[in-house]
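File shown: upload-v3.pdb (PDB, C-alpha atoms and all ligand atoms).
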```pdb
ATOM      1  CA  MET A  13     -20.146 -11.168  -8.114
ATOM      2  CA  ARG A  14     -21.621 -10.311  -4.731
ATOM      3  CA  ILE A  15     -21.287  -6.904  -3.117
ATOM      4  CA  ILE A  16     -21.379  -7.342   0.646
ATOM      5  CA  LYS A  17     -21.626  -4.597   3.244
ATOM      6  CA  LYS A  18     -21.989  -6.528   6.482
ATOM      7  CA  VAL A  19     -19.178  -8.364   8.257
ATOM      8  CA  SER A  20     -21.508 -11.186   9.342
ATOM      9  CA  ASP A  21     -22.686 -11.753   5.740
ATOM     10  CA  LEU A  22     -19.154 -11.961   4.406
ATOM     11  CA  ILE A  23     -18.125 -14.378   7.141
ATOM     12  CA  LYS A  24     -21.114 -16.626   6.294
ATOM     13  CA  HIS A  25     -20.355 -16.671   2.579
ATOM     14  CA  LEU A  26     -16.651 -17.294   3.041
ATOM     15  CA  HIS A  27     -17.365 -20.060   5.529
ATOM     16  CA  VAL A  28     -19.393 -21.833   2.853
ATOM     17  CA  GLU A  29     -16.542 -21.354   0.356
ATOM     18  CA  SER A  30     -14.032 -22.806   2.821
ATOM     19  CA  MET A  31     -16.295 -25.791   3.500
ATOM     20  CA  LYS A  32     -16.235 -26.450  -0.250
ATOM     21  CA  GLY A  33     -12.446 -26.515  -0.037
ATOM     22  CA  HIS A  34     -12.066 -23.255  -1.950
ATOM     23  CA  SER A  35      -8.890 -21.260  -1.398
ATOM     24  CA  ILE A  36      -9.385 -17.544  -0.788
ATOM     25  CA  GLY A  37      -7.290 -14.650  -2.116
ATOM     26  CA  PHE A  38      -7.800 -11.208  -0.612
ATOM     27  CA  THR A  39      -6.952  -7.755  -1.965
ATOM     28  CA  PRO A  40      -7.645  -4.870   0.427
ATOM     29  CA  THR A  41      -8.098  -1.446  -1.203
ATOM     30  CA  MET A  42      -9.499   1.992  -0.516
ATOM     31  CA  GLY A  43     -11.293   2.096  -3.875
ATOM     32  CA  ALA A  44     -10.974   4.529  -6.790
ATOM     33  CA  LEU A  45      -9.561   1.501  -8.509
ATOM     34  CA  HIS A  46      -6.990   1.531 -11.298
ATOM     35  CA  GLU A  47      -4.830  -0.997 -13.121
ATOM     36  CA  GLY A  48      -2.495  -1.294 -10.124
ATOM     37  CA  HIS A  49      -5.321  -2.638  -7.987
ATOM     38  CA  LEU A  50      -6.485  -4.888 -10.831
ATOM     39  CA  SER A  51      -3.008  -6.404 -11.119
ATOM     40  CA  LEU A  52      -3.347  -7.569  -7.501
ATOM     41  CA  LEU A  53      -6.796  -8.996  -8.205
ATOM     42  CA  ASN A  54      -5.502 -10.751 -11.322
ATOM     43  CA  ALA A  55      -2.731 -12.371  -9.304
ATOM     44  CA  SER A  56      -5.329 -13.439  -6.742
ATOM     45  CA  ILE A  57      -7.582 -14.919  -9.426
ATOM     46  CA  ALA A  58      -4.646 -16.851 -10.877
ATOM     47  CA  ASP A  59      -3.659 -18.346  -7.493
ATOM     48  CA  ASN A  60      -6.990 -18.963  -5.739
ATOM     49  CA  ASP A  61     -10.488 -20.397  -6.233
ATOM     50  CA  ILE A  62     -12.189 -17.326  -4.793
ATOM     51  CA  SER A  63     -11.088 -13.689  -4.811
ATOM     52  CA  VAL A  64     -12.283 -11.061  -2.363
ATOM     53  CA  VAL A  65     -11.592  -7.339  -2.793
ATOM     54  CA  SER A  66     -12.400  -4.918   0.000
ATOM     55  CA  ILE A  67     -13.142  -1.260  -0.590
ATOM     56  CA  PHE A  68     -12.878   0.672   2.620
ATOM     57  CA  VAL A  69     -11.506   4.172   3.108
ATOM     58  CA  ASN A  70     -10.076   3.601   6.554
ATOM     59  CA  PRO A  71     -10.469   6.798   8.610
ATOM     60  CA  LYS A  72      -7.925   5.581  11.186
ATOM     61  CA  GLN A  73      -5.015   5.774   8.764
ATOM     62  CA  PHE A  74      -5.580   9.386   7.720
ATOM     63  CA  ASN A  75      -3.614  11.812   9.848
ATOM     64  CA  GLN A  76      -5.154  14.783   8.007
ATOM     65  CA  LYS A  77      -8.919  15.143   7.967
ATOM     66  CA  GLU A  78      -8.833  17.050   4.688
ATOM     67  CA  ASP A  79      -7.066  14.141   2.958
ATOM     68  CA  LEU A  80      -9.788  11.762   4.198
ATOM     69  CA  VAL A  81     -12.559  14.059   2.993
ATOM     70  CA  LYS A  82     -10.932  14.565  -0.423
ATOM     71  CA  TYR A  83     -10.104  10.876  -0.954
ATOM     72  CA  PRO A  84     -11.842   9.832  -4.221
ATOM     73  CA  ARG A  85     -14.793   7.438  -3.850
ATOM     74  CA  ASN A  86     -16.749   5.701  -6.611
ATOM     75  CA  LEU A  87     -18.237   2.366  -5.582
ATOM     76  CA  ASP A  88     -20.379   1.892  -8.702
ATOM     77  CA  LYS A  89     -17.488   2.312 -11.108
ATOM     78  CA  ASP A  90     -15.205   0.193  -8.898
ATOM     79  CA  SER A  91     -17.790  -2.604  -8.756
ATOM     80  CA  GLU A  92     -18.110  -2.609 -12.555
ATOM     81  CA  MET A  93     -14.336  -2.933 -12.932
ATOM     82  CA  LEU A  94     -14.148  -5.746 -10.396
ATOM     83  CA  LYS A  95     -17.031  -7.651 -11.971
ATOM     84  CA  GLU A  96     -15.432  -7.413 -15.376
ATOM     85  CA  ALA A  97     -12.105  -8.588 -13.982
ATOM     86  CA  GLY A  98     -13.695 -11.723 -12.463
ATOM     87  CA  CYS A  99     -13.859 -10.929  -8.742
ATOM     88  CA  GLN A 100     -16.323 -13.048  -6.715
ATOM     89  CA  TYR A 101     -16.833 -10.909  -3.605
ATOM     90  CA  VAL A 102     -16.593  -7.165  -3.043
ATOM     91  CA  PHE A 103     -16.613  -6.202   0.598
ATOM     92  CA  ALA A 104     -17.595  -2.533   0.943
ATOM     93  CA  PRO A 105     -18.528  -2.003   4.586
ATOM     94  CA  PRO A 106     -19.566   1.253   6.211
ATOM     95  CA  VAL A 107     -17.226   2.505   8.953
ATOM     96  CA  ARG A 108     -19.468   1.234  11.770
ATOM     97  CA  GLU A 109     -19.137  -2.351  10.486
ATOM     98  CA  ILE A 110     -15.362  -2.265  10.775
ATOM     99  CA  TYR A 111     -15.306  -0.199  13.954
ATOM    100  CA  PRO A 112     -18.509  -0.868  15.894
ATOM    101  CA  LYS A 113     -18.991   1.314  18.934
ATOM    102  CA  ASP A 114     -17.945  -1.369  21.410
ATOM    103  CA  TYR A 115     -15.151  -2.852  19.297
ATOM    104  CA  THR A 116     -11.908  -3.133  21.241
ATOM    105  CA  ASP A 117      -9.953  -5.820  19.431
ATOM    106  CA  SER A 118      -6.830  -3.837  18.533
ATOM    107  CA  PRO A 119      -3.627  -5.772  18.043
ATOM    108  CA  GLU A 120      -0.815  -5.394  20.527
ATOM    109  CA  LEU A 121       2.004  -4.957  18.043
ATOM    110  CA  ASP A 122       5.119  -2.881  18.459
ATOM    111  CA  ILE A 123       5.944  -1.513  15.011
ATOM    112  CA  SER A 124       8.263   1.239  16.281
ATOM    113  CA  GLN A 125      11.329  -0.284  14.588
ATOM    114  CA  PHE A 126       9.723   0.218  11.149
ATOM    115  CA  ILE A 127       8.332   3.729  11.555
ATOM    116  CA  GLN A 128      11.389   5.779  12.468
ATOM    117  CA  SER A 129      11.781   6.937   8.874
ATOM    118  CA  MET A 130       9.795   7.978   5.808
ATOM    119  CA  GLU A 131       6.004   7.698   6.210
ATOM    120  CA  GLY A 132       6.434   7.092   9.957
ATOM    121  CA  PRO A 133       7.452  10.577  11.157
ATOM    122  CA  ASN A 134       5.660  12.327   8.280
ATOM    123  CA  ARG A 135       2.274  10.701   8.933
ATOM    124  CA  PRO A 136       1.978  10.152  12.684
ATOM    125  CA  GLY A 137      -0.531   7.422  13.544
ATOM    126  CA  HIS A 138      -0.852   6.299   9.907
ATOM    127  CA  PHE A 139       0.663   2.845  10.272
ATOM    128  CA  GLU A 140      -1.076   2.186  13.586
ATOM    129  CA  GLY A 141      -4.321   2.785  11.639
ATOM    130  CA  VAL A 142      -3.177   0.498   8.816
ATOM    131  CA  VAL A 143      -2.284  -2.268  11.280
ATOM    132  CA  GLN A 144      -5.619  -1.901  13.025
ATOM    133  CA  VAL A 145      -7.689  -2.203   9.859
ATOM    134  CA  MET A 146      -5.574  -4.992   8.370
ATOM    135  CA  TYR A 147      -5.795  -7.014  11.582
ATOM    136  CA  ARG A 148      -9.574  -6.647  11.547
ATOM    137  CA  LEU A 149      -9.892  -7.445   7.823
ATOM    138  CA  LEU A 150      -7.640 -10.479   8.035
ATOM    139  CA  LYS A 151      -9.665 -11.833  10.948
ATOM    140  CA  ILE A 152     -12.878 -11.381   8.961
ATOM    141  CA  VAL A 153     -11.644 -12.803   5.641
ATOM    142  CA  SER A 154      -9.048 -15.369   6.855
ATOM    143  CA  PRO A 155      -7.522 -15.536   3.374
ATOM    144  CA  ASP A 156      -5.017 -18.136   2.240
ATOM    145  CA  ARG A 157      -3.195 -15.389   0.379
ATOM    146  CA  LEU A 158      -3.083 -11.622   0.789
ATOM    147  CA  TYR A 159      -2.192  -9.382  -2.170
ATOM    148  CA  MET A 160      -0.438  -6.052  -1.612
ATOM    149  CA  GLY A 161       1.492  -3.689  -3.863
ATOM    150  CA  GLN A 162       5.188  -2.913  -3.755
ATOM    151  CA  LYS A 163       4.034   0.691  -4.281
ATOM    152  CA  ASP A 164       3.491   0.945  -0.510
ATOM    153  CA  PHE A 165       6.805  -0.561   0.563
ATOM    154  CA  GLN A 166       6.782   0.375   4.235
ATOM    155  CA  GLN A 167       3.149  -0.725   4.503
ATOM    156  CA  PHE A 168       3.621  -4.265   3.189
ATOM    157  CA  THR A 169       6.794  -4.645   5.271
ATOM    158  CA  ILE A 170       4.817  -3.851   8.432
ATOM    159  CA  ILE A 171       1.901  -6.116   7.491
ATOM    160  CA  ASP A 172       4.322  -8.942   6.717
ATOM    161  CA  TYR A 173       5.783  -8.425  10.183
ATOM    162  CA  MET A 174       2.302  -8.509  11.727
ATOM    163  CA  ILE A 175       1.409 -11.749   9.928
ATOM    164  CA  ASN A 176       4.609 -13.343  11.200
ATOM    165  CA  GLN A 177       4.325 -12.017  14.750
ATOM    166  CA  PHE A 178       0.777 -13.350  15.106
ATOM    167  CA  ASP A 179       1.451 -16.602  13.217
ATOM    168  CA  MET A 180      -1.447 -15.828  10.917
ATOM    169  CA  ASP A 181      -2.248 -18.527   8.400
ATOM    170  CA  THR A 182      -1.989 -16.161   5.434
ATOM    171  CA  LYS A 183       0.749 -15.817   2.862
ATOM    172  CA  LEU A 184       1.604 -12.306   1.719
ATOM    173  CA  VAL A 185       2.098 -11.911  -2.040
ATOM    174  CA  VAL A 186       3.694  -8.596  -3.067
ATOM    175  CA  CYS A 187       2.974  -7.436  -6.635
ATOM    176  CA  PRO A 188       5.122  -4.999  -8.651
ATOM    177  CA  THR A 189       4.120  -1.355  -9.066
ATOM    178  CA  VAL A 190       2.027  -0.676 -12.154
ATOM    179  CA  ARG A 191       2.986   2.579 -13.874
ATOM    180  CA  GLU A 192       1.699   4.947 -16.528
ATOM    181  CA  ASP A 193       3.643   4.897 -19.808
ATOM    182  CA  ASP A 194       5.807   7.807 -18.622
ATOM    183  CA  GLY A 195       6.736   5.988 -15.367
ATOM    184  CA  LEU A 196       4.342   7.714 -12.949
ATOM    185  CA  ALA A 197       3.132   5.119 -10.445
ATOM    186  CA  MET A 198      -0.610   4.585 -10.690
ATOM    187  CA  SER A 199      -2.442   5.893  -7.655
ATOM    188  CA  SER A 200      -6.003   6.789  -6.728
ATOM    189  CA  ARG A 201      -4.594  10.193  -5.808
ATOM    190  CA  ASN A 202      -3.518  10.813  -9.440
ATOM    191  CA  LEU A 203      -7.189  11.596 -10.113
ATOM    192  CA  ARG A 204      -6.682  14.784  -8.147
ATOM    193  CA  LEU A 205      -3.627  15.972 -10.117
ATOM    194  CA  GLU A 206      -4.043  18.933 -12.432
ATOM    195  CA  ALA A 207      -3.203  17.960 -16.025
ATOM    196  CA  ASN A 208      -0.074  20.143 -16.278
ATOM    197  CA  ILE A 209       1.274  18.750 -12.989
ATOM    198  CA  LYS A 210       0.419  15.157 -13.909
ATOM    199  CA  SER A 211       2.364  15.437 -17.162
ATOM    200  CA  GLU A 212       5.482  16.469 -15.192
ATOM    201  CA  ALA A 213       5.074  14.009 -12.319
ATOM    202  CA  HIS A 214       7.192  11.354 -14.049
ATOM    203  CA  ILE A 215      10.137  13.214 -12.492
ATOM    204  CA  ILE A 216       9.518  11.109  -9.365
ATOM    205  CA  HIS A 217      10.128   7.880 -11.262
ATOM    206  CA  ASP A 218      13.004   9.485 -13.214
ATOM    207  CA  MET A 219      14.765  10.284  -9.927
ATOM    208  CA  LEU A 220      14.266   6.741  -8.618
ATOM    209  CA  VAL A 221      15.848   5.412 -11.798
ATOM    210  CA  TYR A 222      18.680   7.910 -11.351
ATOM    211  CA  ALA A 223      19.199   6.712  -7.767
ATOM    212  CA  LYS A 224      19.465   3.147  -9.022
ATOM    213  CA  GLU A 225      22.133   4.183 -11.523
ATOM    214  CA  GLN A 226      24.049   6.246  -8.973
ATOM    215  CA  VAL A 227      23.973   4.035  -5.866
ATOM    216  CA  GLY A 228      27.520   2.958  -5.117
ATOM    217  CA  GLN A 229      28.891   5.738  -7.357
ATOM    218  CA  GLN A 230      28.588   8.569  -4.839
ATOM    219  CA  ALA A 231      27.958   8.969  -1.093
ATOM    220  CA  ILE A 232      24.365   8.080  -0.203
ATOM    221  CA  GLU A 233      23.750  11.309   1.679
ATOM    222  CA  ASN A 234      24.923  13.421  -1.271
ATOM    223  CA  LEU A 235      22.753  11.431  -3.621
ATOM    224  CA  GLU A 236      19.691  11.835  -1.380
ATOM    225  CA  ASN A 237      20.316  15.575  -1.047
ATOM    226  CA  GLU A 238      20.839  16.070  -4.762
ATOM    227  CA  ILE A 239      17.605  14.235  -5.574
ATOM    228  CA  MET A 240      15.680  16.105  -2.858
ATOM    229  CA  LYS A 241      16.727  19.341  -4.575
ATOM    230  CA  ARG A 242      15.806  18.104  -8.036
ATOM    231  CA  LEU A 243      12.400  16.975  -6.718
ATOM    232  CA  THR A 244      11.695  20.395  -5.228
ATOM    233  CA  LYS A 245      10.919  22.752  -8.063
ATOM    234  CA  GLY A 246       7.839  24.290  -9.675
ATOM    235  CA  PRO A 247       4.745  22.599  -8.224
ATOM    236  CA  PHE A 248       6.819  19.765  -6.697
ATOM    237  CA  ARG A 249       8.132  19.587  -3.157
ATOM    238  CA  ALA A 250       9.945  16.486  -1.918
ATOM    239  CA  GLU A 251       9.085  15.525   1.655
ATOM    240  CA  TYR A 252      11.719  12.812   1.830
ATOM    241  CA  PHE A 253      13.919  10.766  -0.464
ATOM    242  CA  ASP A 254      15.443   8.010   1.651
ATOM    243  CA  ILE A 255      17.645   5.106   0.701
ATOM    244  CA  VAL A 256      16.929   2.381   3.253
ATOM    245  CA  ASP A 257      17.486  -1.263   4.033
ATOM    246  CA  GLY A 258      14.612  -3.227   2.455
ATOM    247  CA  ASN A 259      14.184  -5.440   5.518
ATOM    248  CA  THR A 260      14.572  -3.026   8.420
ATOM    249  CA  MET A 261      13.653   0.357   6.838
ATOM    250  CA  GLU A 262      16.785   1.794   8.440
ATOM    251  CA  LYS A 263      18.757   4.414   6.543
ATOM    252  CA  VAL A 264      21.661   3.057   4.528
ATOM    253  CA  SER A 265      24.991   4.832   4.654
ATOM    254  CA  ASP A 266      27.290   2.177   3.191
ATOM    255  CA  PRO A 267      25.509   0.239   0.429
ATOM    256  CA  LYS A 268      28.144  -2.516   0.512
ATOM    257  CA  LYS A 269      26.872  -3.526   3.968
ATOM    258  CA  HIS A 270      23.327  -4.259   2.744
ATOM    259  CA  ASN A 271      22.038  -6.883   0.322
ATOM    260  CA  TYR A 272      18.557  -5.368   0.027
ATOM    261  CA  ILE A 273      18.279  -1.636  -0.640
ATOM    262  CA  VAL A 274      15.275   0.430  -1.608
ATOM    263  CA  ALA A 275      14.786   4.109  -2.342
ATOM    264  CA  CYS A 276      11.487   5.521  -1.088
ATOM    265  CA  THR A 277      10.089   8.978  -1.623
ATOM    266  CA  ALA A 278       7.095  11.184  -0.900
ATOM    267  CA  VAL A 279       6.594  14.244  -3.065
ATOM    268  CA  TRP A 280       3.906  16.902  -2.948
ATOM    269  CA  ALA A 281       2.660  17.576  -6.469
ATOM    270  CA  GLY A 282       0.609  20.730  -5.950
ATOM    271  CA  ASP A 283      -1.667  19.753  -3.044
ATOM    272  CA  VAL A 284      -1.490  16.017  -3.759
ATOM    273  CA  ARG A 285       0.965  13.846  -1.865
ATOM    274  CA  LEU A 286       2.450  11.029  -3.976
ATOM    275  CA  ILE A 287       4.678   8.185  -2.832
ATOM    276  CA  ASP A 288       6.842   5.833  -4.838
ATOM    277  CA  ASN A 289       9.865   3.577  -4.434
ATOM    278  CA  MET A 290      12.341   1.462  -6.324
ATOM    279  CA  ILE A 291      14.464  -1.488  -5.310
ATOM    280  CA  LEU A 292      18.089  -0.474  -5.882
ATOM    281  CA  LYS A 293      19.609  -3.777  -4.853
ATOM    282  CA  ALA A 294      17.666  -7.023  -4.467
ATOM    283  CA  PRO A 295      18.634  -9.922  -2.213
ATOM    284  CA  GLU A 296      19.817 -12.968  -4.114
ATOM    285  CA  VAL A 297      17.207 -15.696  -4.064
ATOM    286  CA  ASN A 298      18.442 -19.257  -3.681
ATOM    287  CA  ALA A 299      16.963 -21.364  -6.441
TER     288      ALA A 299
HETATM  289  P1  LIG B 301      -4.893   1.682  -1.835
HETATM  290  O1  LIG B 301      -6.261   1.558  -2.430
HETATM  291  O2  LIG B 301      -4.122   2.857  -2.311
HETATM  292  O3  LIG B 301      -4.916   1.530  -0.340
HETATM  293  O4  LIG B 301      -4.070   0.430  -2.366
HETATM  294  C1  LIG B 301      -4.545  -0.881  -2.197
HETATM  295  C2  LIG B 301      -3.451  -1.836  -2.606
HETATM  296  O5  LIG B 301      -3.123  -1.627  -3.969
HETATM  297  C3  LIG B 301      -2.168  -1.649  -1.784
HETATM  298  O6  LIG B 301      -1.617  -2.932  -1.491
HETATM  299  C4  LIG B 301      -1.296  -0.881  -2.742
HETATM  300  O7  LIG B 301       0.092  -1.083  -2.530
HETATM  301  C5  LIG B 301      -1.724  -1.450  -4.085
HETATM  302  N1  LIG B 301      -1.408  -0.514  -5.156
HETATM  303  C6  LIG B 301      -1.706   0.812  -5.203
HETATM  304  N2  LIG B 301      -1.202   1.360  -6.322
HETATM  305  C7  LIG B 301      -0.561   0.370  -7.004
HETATM  306  C8  LIG B 301       0.176   0.303  -8.222
HETATM  307  N3  LIG B 301       0.362   1.370  -8.969
HETATM  308  N4  LIG B 301       0.702  -0.887  -8.589
HETATM  309  C9  LIG B 301       0.524  -1.991  -7.810
HETATM  310  N5  LIG B 301      -0.161  -2.003  -6.659
HETATM  311  C10 LIG B 301      -0.699  -0.836  -6.251
END
```
What does this structure look like when you write it as structure tokens?
Ligand code: AMP
Amino acid sequence: MRIIKKVSDLIKHLHVESMKGHSIGFTPTMGALHEGHLSLLNASIADNDISVVSIFVNPKQFNQKEDLVKYPRNLDKDSEMLKEAGCQYVFAPPVREIYPKDYTDSPELDISQFIQSMEGPNRPGHFEGVVQVMYRLLKIVSPDRLYMGQKDFQQFTIIDYMINQFDMDTKLVVCPTVREDDGLAMSSRNLRLEANIKSEAHIIHDMLVYAKEQVGQQAIENLENEIMKRLTKGPFRAEYFDIVDGNTMEKVSDPKKHNYIVACTAVWAGDVRLIDNMILKAPEVNA
């Protein structure tokens, strides 16, 4: 496994791989890796000849400086995990490699339709930063397949839109959320949870399961409000619990009018902000 820090080096290596006819799978991450990240890498390894994982804590997607500073970083441990899992290339660039001083190549993409709800209003500028880094990374890596987690529902929806809008030659593969035994979604941020809060944090998943049981049984707004209340007690404070259309991210009021419905939530657990989601109704896939 090679650990590469420079954009030009990665481009050279991947060019050689492409010349050999090797397909490339790419998993972008911000490090502090866990089994959720490894599930994406494993899918990439299964589908492609070569797998690339990037580790880059993207400053442009943090709307709070404190969150950026506190974000866990551990390149040595991450590299060990990736090597063991069978990754070929780790791309761990410093910030100036991704955003050189004179770099201006930002995509012209209107994502306003997707950011009216949920993470959009609560984290101003976040998705613009995600789009910027993903555009840059996809141009550098040019993968055949891109692996992202369902855990960040709004994020993969926006990146899928970007890939389609720019006719990029990359297929997005979305992998299911990997959870702890009690249902808590794995997240790099879980490292920052105090033990007593972590042991209670399964309430987030419990409420998503409850929403799935209840959708169609009671008015959506009542259900959202009830769950917001139940997710705001002790060290927990719900920022939003929204039931939205899985394609458009628009709020659902009548579930019968939508064939793809997802519940998304952000909850503060002490001073750690956790997000999670669950598909309440999936579109039928034609065999
Ligand atoms: P992050 O390092 O948090 O930016 O996440 C990198 C990628 O891993 C994103 O596509 C996430 O959606 C995905 N991911 C994060 N947590 C999980 C999880 N628990 N299960 C599956 N994928 C995940």
Who sits within 7 Å of A:Val186, only C-alpha atoms, same chain under 6 positions skipped, as a list in words: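 So the residues in contact are Tyr159, Met160, Gly161 and Gln162 of chain A.
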Is it possible to get the axis-aligned box enclosing ligand LIG 301 (chain B) (all listed atoms, 8 Å extra per side) as lines of an AutoDock Vina configuration file, with centre and edge lengths in Å rounded to one decimal?
```
center_x = -2.8
center_y = 0.0
center_z = -4.7
size_x = 23.0
size_y = 21.8
size_z = 24.6
```
Shell of 12 Å around stretch 84-99 of chain A, all atoms listed in the file, local chain residues under 5 positions omitted, as a JSON list (two decimals) with C-alpha atoms, in the frame of the given file:
```
[["chain", "number", "residue", "atom", "x", "y", "z"],
["A", 13, "MET", "CA", -20.15, -11.17, -8.11],
["A", 14, "ARG", "CA", -21.62, -10.31, -4.73],
["A", 15, "ILE", "CA", -21.29, -6.90, -3.12],
["A", 16, "ILE", "CA", -21.38, -7.34, 0.65],
["A", 17, "LYS", "CA", -21.63, -4.60, 3.24],
["A", 36, "ILE", "CA", -9.38, -17.54, -0.79],
["A", 37, "GLY", "CA", -7.29, -14.65, -2.12],
["A", 38, "PHE", "CA", -7.80, -11.21, -0.61],
["A", 39, "THR", "CA", -6.95, -7.76, -1.96],
["A", 41, "THR", "CA", -8.10, -1.45, -1.20],
["A", 42, "MET", "CA", -9.50, 1.99, -0.52],
["A", 43, "GLY", "CA", -11.29, 2.10, -3.88],
["A", 44, "ALA", "CA", -10.97, 4.53, -6.79],
["A", 45, "LEU", "CA", -9.56, 1.50, -8.51],
["A", 46, "HIS", "CA", -6.99, 1.53, -11.30],
["A", 47, "GLU", "CA", -4.83, -1.00, -13.12],
["A", 49, "HIS", "CA", -5.32, -2.64, -7.99],
["A", 50, "LEU", "CA", -6.48, -4.89, -10.83],
["A", 51, "SER", "CA", -3.01, -6.40, -11.12],
["A", 52, "LEU", "CA", -3.35, -7.57, -7.50],
["A", 53, "LEU", "CA", -6.80, -9.00, -8.20],
["A", 54, "ASN", "CA", -5.50, -10.75, -11.32],
["A", 55, "ALA", "CA", -2.73, -12.37, -9.30],
["A", 56, "SER", "CA", -5.33, -13.44, -6.74],
["A", 57, "ILE", "CA", -7.58, -14.92, -9.43],
["A", 58, "ALA", "CA", -4.65, -16.85, -10.88],
["A", 60, "ASN", "CA", -6.99, -18.96, -5.74],
["A", 61, "ASP", "CA", -10.49, -20.40, -6.23],
["A", 62, "ILE", "CA", -12.19, -17.33, -4.79],
["A", 63, "SER", "CA", -11.09, -13.69, -4.81],
["A", 64, "VAL", "CA", -12.28, -11.06, -2.36],
["A", 65, "VAL", "CA", -11.59, -7.34, -2.79],
["A", 66, "SER", "CA", -12.40, -4.92, 0.00],
["A", 67, "ILE", "CA", -13.14, -1.26, -0.59],
["A", 68, "PHE", "CA", -12.88, 0.67, 2.62],
["A", 69, "VAL", "CA", -11.51, 4.17, 3.11],
["A", 78, "GLU", "CA", -8.83, 17.05, 4.69],
["A", 79, "ASP", "CA", -7.07, 14.14, 2.96],
["A", 104, "ALA", "CA", -17.60, -2.53, 0.94],
["A", 105, "PRO", "CA", -18.53, -2.00, 4.59],
["A", 106, "PRO", "CA", -19.57, 1.25, 6.21],
["A", 199, "SER", "CA", -2.44, 5.89, -7.66],
["A", 200, "SER", "CA", -6.00, 6.79, -6.73],
["A", 201, "ARG", "CA", -4.59, 10.19, -5.81],
["A", 202, "ASN", "CA", -3.52, 10.81, -9.44],
["A", 203, "LEU", "CA", -7.19, 11.60, -10.11],
["A", 204, "ARG", "CA", -6.68, 14.78, -8.15],
["A", 205, "LEU", "CA", -3.63, 15.97, -10.12]]
```
Let me make sure I understand: among A:Phe139, A:Phe103, A:Phe165, A:Tyr147, which one has the smallest atom-to-atom distance to ligand LIG 301 (chain B) if we use all atoms listed in the file?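 Answer, going by the shortest atom-to-atom distance: A:Phe165.
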Which polymer residues, protein or nucleic acid, are no farther than 12 Å from (-0.1, 7.4, 17.8), counting all atoms listed in the file, as a PyMOL selection string? chain A and resi 72-75+122-124+127+132-133+135-144
Pick out the closest residue to A:Tyr83 from this set: A:Glu29, A:Val264, A:Leu184, A:Pro71. Count all atoms listed in the file.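 Closest to A:Tyr83 of all the choices is A:Pro71.
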Of the residues A:Asp288, A:Tyr252, A:Asp257, A:Gly228, which is the one nearest to ligand LIG 301 (chain B), using all atoms listed in the file?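 Looking only at the distances to ligand LIG 301 (chain B), the closest residue turns out to be A:Asp288.
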Å distance separating atom CA of A:Glu238 from atom CA of A:Glu192, one decimal place: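 Those two atoms sit 25.1 Å apart.
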Model the absent atoms of stretch 177-189 of chain A so that N, CA and C atoms are present, and write the result as a PDB file, keeping the file's coordinate frame.
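That gives us result-v4.pdb:
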```
ATOM      1  N   GLN A 177       4.386 -12.133  13.289  1.00  0.00           N
ATOM      2  CA  GLN A 177       4.325 -12.017  14.750  1.00  0.00           C
ATOM      3  C   GLN A 177       3.124 -12.766  15.322  1.00  0.00           C
ATOM      4  N   PHE A 178       2.003 -12.714  14.605  1.00  0.00           N
ATOM      5  CA  PHE A 178       0.777 -13.350  15.106  1.00  0.00           C
ATOM      6  C   PHE A 178       0.558 -14.748  14.525  1.00  0.00           C
ATOM      7  N   ASP A 179       1.574 -15.262  13.824  1.00  0.00           N
ATOM      8  CA  ASP A 179       1.451 -16.602  13.217  1.00  0.00           C
ATOM      9  C   ASP A 179       0.154 -16.758  12.439  1.00  0.00           C
ATOM     10  N   MET A 180      -0.202 -15.733  11.686  1.00  0.00           N
ATOM     11  CA  MET A 180      -1.447 -15.828  10.917  1.00  0.00           C
ATOM     12  C   MET A 180      -1.257 -16.791   9.749  1.00  0.00           C
ATOM     13  N   ASP A 181      -2.343 -17.497   9.430  1.00  0.00           N
ATOM     14  CA  ASP A 181      -2.248 -18.527   8.400  1.00  0.00           C
ATOM     15  C   ASP A 181      -2.524 -17.921   7.019  1.00  0.00           C
ATOM     16  N   THR A 182      -1.794 -16.886   6.698  1.00  0.00           N
ATOM     17  CA  THR A 182      -1.989 -16.161   5.434  1.00  0.00           C
ATOM     18  C   THR A 182      -0.625 -15.889   4.844  1.00  0.00           C
ATOM     19  N   LYS A 183      -0.525 -16.107   3.528  1.00  0.00           N
ATOM     20  CA  LYS A 183       0.749 -15.817   2.862  1.00  0.00           C
ATOM     21  C   LYS A 183       0.639 -14.471   2.149  1.00  0.00           C
ATOM     22  N   LEU A 184       1.606 -13.608   2.405  1.00  0.00           N
ATOM     23  CA  LEU A 184       1.604 -12.306   1.719  1.00  0.00           C
ATOM     24  C   LEU A 184       2.253 -12.439   0.338  1.00  0.00           C
ATOM     25  N   VAL A 185       1.544 -11.961  -0.683  1.00  0.00           N
ATOM     26  CA  VAL A 185       2.098 -11.911  -2.040  1.00  0.00           C
ATOM     27  C   VAL A 185       2.230 -10.429  -2.408  1.00  0.00           C
ATOM     28  N   VAL A 186       3.459 -10.005  -2.722  1.00  0.00           N
ATOM     29  CA  VAL A 186       3.694  -8.596  -3.067  1.00  0.00           C
ATOM     30  C   VAL A 186       3.804  -8.483  -4.592  1.00  0.00           C
ATOM     31  N   CYS A 187       3.012  -7.588  -5.167  1.00  0.00           N
ATOM     32  CA  CYS A 187       2.974  -7.436  -6.635  1.00  0.00           C
ATOM     33  C   CYS A 187       3.684  -6.144  -7.051  1.00  0.00           C
ATOM     34  N   PRO A 188       4.361  -6.175  -8.206  1.00  0.00           N
ATOM     35  CA  PRO A 188       5.122  -4.999  -8.651  1.00  0.00           C
ATOM     36  C   PRO A 188       4.236  -3.777  -8.914  1.00  0.00           C
ATOM     37  N   THR A 189       4.845  -2.612  -8.852  1.00  0.00           N
ATOM     38  CA  THR A 189       4.120  -1.355  -9.066  1.00  0.00           C
ATOM     39  C   THR A 189       3.745  -1.204 -10.541  1.00  0.00           C
TER      40      THR A 189
END
```
